[in-house]
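Chemist: Quick one: the structure is below, questions incoming.
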Amino acid sequence: MARDTQKSDDLYNYYLQNGFQHSVDEIADSLHISHKTFFNRYESKQASIDATIQRWHQEFQERYRKKCLQCNHTVEELLLFIWEFRNSMMHEAAFCQYDIDNGFLYTSQAPFLSILDNIIKKGIRCYHFNESCQIEAYSKFLLFNLSHYPFYDNAKEQNIRYLIAPLLNERGETLLEEMDLLFFL
């Protein structure tokens, strides 16, 4: 089992560091395996990519879930999601770009919309977010902005406030004001 995990880790790290544009021969050489061994492990290059992206999605969800246990309310959960997603954009850029380029970012194949939808639904139930929020539209709006626009150091806090302002009701705004927003940036 540990050997299979190492093989999976090696491929995961290869794609993380190098992206997905390389040939099977280049990948196999880098992993110190033969072309044949690569295809014994994976049906195709696309199957190896799919397995890697699926693993990344699962790891993102698990990382978010674990950290979310420390959150006090849904405004914190939303800020944590924003931080985790932006962190992935910086440190797991190849994977994020793959989701964006292949149109997965806004589908059920990636976990991001469902996580956001759940945060918003919970926030509405807890009276932190506006009841009139169009959940799917807002989730797509937020993901688009998080994935396409850089947040410059001198304006990060303003950008976050701007992005979440349409979602918050008065109670949510109060919770936001009580938080150290820079902690999440």
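Quick note on naming: the chains in the structure tokens go A, B, ... in the order shown, residues restart at 1 in each chain, and ligands are numbered from 1 in order of appearance.
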Would you mind listing what lies within 8 Å of region 17-21 of chain A as a VMD selection string, with only C-alpha atoms counted and same-chain residues fewer than 4 positions away left out?

Modeler: chain A and resid 13 49 94 to 95

Chemist: Just the residues within 8 Å of Gln61 (chain A), please, counting only C-alpha atoms, with nothing from its chain fewer than 4 positions along; format it as a list in words.

Modeler: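 That gives His57, Arg65 and Pro111 of chain A.
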
Chemist: Which distance in Å separates CA of Leu181 (chain A) and CA of Asp99 (chain A), to one decimal?

Modeler: 27.8 Å

Chemist: For Phe151 (chain A), which residue among A:Asn87, A:Ser132, A:Gln97, A:Asn118 is the nearest when counting only C-alpha atoms?

Modeler: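 The answer is A:Asn87, which sits nearest to Phe151 (chain A).
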
Chemist: Could you check how far CA of Leu167 (chain A) sits from CA of Tyr98 (chain A), in Å to one decimal?

Modeler: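 These two atoms are separated by 28.2 Å.
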
Chemist: Counting only C-alpha atoms, what is within 9 Å of Ile164 (chain A), bar same-chain residues fewer than 5 positions away, as a ChimeraX atom specification?

Modeler: /A:78-79,142,159

Chemist: Using only C-alpha atoms, which protein or nucleic acid residues come within 12 Å of region 28-37 of chain A? Drop anything in the same chain fewer than 2 positions from it, and give the result as a list in words.

Modeler: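 Here the answer would be Gln6, Lys7, Ser8, Asp9, Asp10, Leu11, Tyr12, Asn13, Tyr14, Tyr15, Gln17, Asn18, His22, Ser23, Val24, Asp25, Glu26, Phe39, Asn40, Arg41, Tyr42, Glu43, Ser44, Lys45 and Ser48 of chain A.
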
Chemist: Write the residues of the selection above to a file with N, CA and C atoms, as a PDB file, in the first residue's frame.

Modeler:
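The resulting file, selection.pdb, is reproduced below:
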ATOM      1  N   GLN A   6       3.218   6.097  -2.679  1.00  0.00           N
ATOM      2  CA  GLN A   6       4.391   6.833  -3.147  1.00  0.00           C
ATOM      3  C   GLN A   6       4.292   7.103  -4.645  1.00  0.00           C
ATOM      4  N   LYS A   7       3.836   6.114  -5.400  1.00  0.00           N
ATOM      5  CA  LYS A   7       3.684   6.284  -6.850  1.00  0.00           C
ATOM      6  C   LYS A   7       2.662   7.380  -7.142  1.00  0.00           C
ATOM      7  N   SER A   8       1.576   7.344  -6.411  1.00  0.00           N
ATOM      8  CA  SER A   8       0.535   8.363  -6.570  1.00  0.00           C
ATOM      9  C   SER A   8       1.068   9.745  -6.184  1.00  0.00           C
ATOM     10  N   ASP A   9       1.828   9.799  -5.085  1.00  0.00           N
ATOM     11  CA  ASP A   9       2.421  11.067  -4.640  1.00  0.00           C
ATOM     12  C   ASP A   9       3.387  11.613  -5.685  1.00  0.00           C
ATOM     13  N   ASP A  10       4.175  10.737  -6.271  1.00  0.00           N
ATOM     14  CA  ASP A  10       5.147  11.168  -7.279  1.00  0.00           C
ATOM     15  C   ASP A  10       4.452  11.799  -8.481  1.00  0.00           C
ATOM     16  N   LEU A  11       3.402  11.156  -8.966  1.00  0.00           N
ATOM     17  CA  LEU A  11       2.672  11.706 -10.108  1.00  0.00           C
ATOM     18  C   LEU A  11       1.984  13.012  -9.723  1.00  0.00           C
ATOM     19  N   TYR A  12       1.376  13.030  -8.558  1.00  0.00           N
ATOM     20  CA  TYR A  12       0.712  14.240  -8.061  1.00  0.00           C
ATOM     21  C   TYR A  12       1.702  15.404  -8.010  1.00  0.00           C
ATOM     22  N   ASN A  13       2.857  15.163  -7.432  1.00  0.00           N
ATOM     23  CA  ASN A  13       3.875  16.208  -7.319  1.00  0.00           C
ATOM     24  C   ASN A  13       4.429  16.607  -8.683  1.00  0.00           C
ATOM     25  N   TYR A  14       4.545  15.650  -9.586  1.00  0.00           N
ATOM     26  CA  TYR A  14       5.006  15.979 -10.938  1.00  0.00           C
ATOM     27  C   TYR A  14       4.036  16.971 -11.586  1.00  0.00           C
ATOM     28  N   TYR A  15       2.757  16.627 -11.581  1.00  0.00           N
ATOM     29  CA  TYR A  15       1.778  17.519 -12.201  1.00  0.00           C
ATOM     30  C   TYR A  15       1.695  18.862 -11.468  1.00  0.00           C
ATOM     31  N   GLN A  17       4.089  20.455  -9.967  1.00  0.00           N
ATOM     32  CA  GLN A  17       5.261  21.267 -10.289  1.00  0.00           C
ATOM     33  C   GLN A  17       5.383  21.610 -11.770  1.00  0.00           C
ATOM     34  N   ASN A  18       4.904  20.727 -12.646  1.00  0.00           N
ATOM     35  CA  ASN A  18       5.185  20.873 -14.074  1.00  0.00           C
ATOM     36  C   ASN A  18       3.968  21.123 -14.949  1.00  0.00           C
ATOM     37  N   HIS A  22       2.941  18.039 -20.657  1.00  0.00           N
ATOM     38  CA  HIS A  22       4.066  17.206 -21.053  1.00  0.00           C
ATOM     39  C   HIS A  22       3.588  15.866 -21.603  1.00  0.00           C
ATOM     40  N   SER A  23       4.434  15.266 -22.414  1.00  0.00           N
ATOM     41  CA  SER A  23       4.101  13.965 -23.006  1.00  0.00           C
ATOM     42  C   SER A  23       4.243  12.861 -21.961  1.00  0.00           C
ATOM     43  N   VAL A  24       3.674  11.724 -22.260  1.00  0.00           N
ATOM     44  CA  VAL A  24       3.780  10.574 -21.372  1.00  0.00           C
ATOM     45  C   VAL A  24       5.248  10.180 -21.219  1.00  0.00           C
ATOM     46  N   ASP A  25       6.017  10.251 -22.304  1.00  0.00           N
ATOM     47  CA  ASP A  25       7.438   9.917 -22.219  1.00  0.00           C
ATOM     48  C   ASP A  25       8.168  10.854 -21.255  1.00  0.00           C
ATOM     49  N   GLU A  26       7.876  12.142 -21.306  1.00  0.00           N
ATOM     50  CA  GLU A  26       8.510  13.099 -20.396  1.00  0.00           C
ATOM     51  C   GLU A  26       8.108  12.814 -18.946  1.00  0.00           C
ATOM     52  N   PHE A  39       1.566   3.191 -18.511  1.00  0.00           N
ATOM     53  CA  PHE A  39       0.280   2.711 -19.013  1.00  0.00           C
ATOM     54  C   PHE A  39      -0.224   1.470 -18.265  1.00  0.00           C
ATOM     55  N   ASN A  40       0.629   0.792 -17.554  1.00  0.00           N
ATOM     56  CA  ASN A  40       0.157  -0.276 -16.668  1.00  0.00           C
ATOM     57  C   ASN A  40      -0.557   0.327 -15.456  1.00  0.00           C
ATOM     58  N   ARG A  41      -0.102   1.492 -15.036  1.00  0.00           N
ATOM     59  CA  ARG A  41      -0.710   2.160 -13.880  1.00  0.00           C
ATOM     60  C   ARG A  41      -1.961   2.955 -14.253  1.00  0.00           C
ATOM     61  N   TYR A  42      -1.924   3.527 -15.434  1.00  0.00           N
ATOM     62  CA  TYR A  42      -3.029   4.401 -15.863  1.00  0.00           C
ATOM     63  C   TYR A  42      -3.460   4.011 -17.266  1.00  0.00           C
ATOM     64  N   GLU A  43      -4.750   4.011 -17.472  1.00  0.00           N
ATOM     65  CA  GLU A  43      -5.311   3.651 -18.779  1.00  0.00           C
ATOM     66  C   GLU A  43      -4.836   4.606 -19.868  1.00  0.00           C
ATOM     67  N   SER A  44      -4.684   5.887 -19.495  1.00  0.00           N
ATOM     68  CA  SER A  44      -4.267   6.909 -20.447  1.00  0.00           C
ATOM     69  C   SER A  44      -3.671   8.082 -19.666  1.00  0.00           C
ATOM     70  N   LYS A  45      -3.079   9.001 -20.385  1.00  0.00           N
ATOM     71  CA  LYS A  45      -2.576  10.201 -19.718  1.00  0.00           C
ATOM     72  C   LYS A  45      -3.742  10.938 -19.075  1.00  0.00           C
ATOM     73  N   SER A  48      -4.652   9.578 -15.778  1.00  0.00           N
ATOM     74  CA  SER A  48      -3.715   9.980 -14.722  1.00  0.00           C
ATOM     75  C   SER A  48      -4.009  11.409 -14.268  1.00  0.00           C
TER      76      SER A  48
END

Chemist: Which distance in Å separates CA of His91 (chain A) and CA of Leu113 (chain A), to one decimal?

Modeler: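 It comes out at 20.0 Å.
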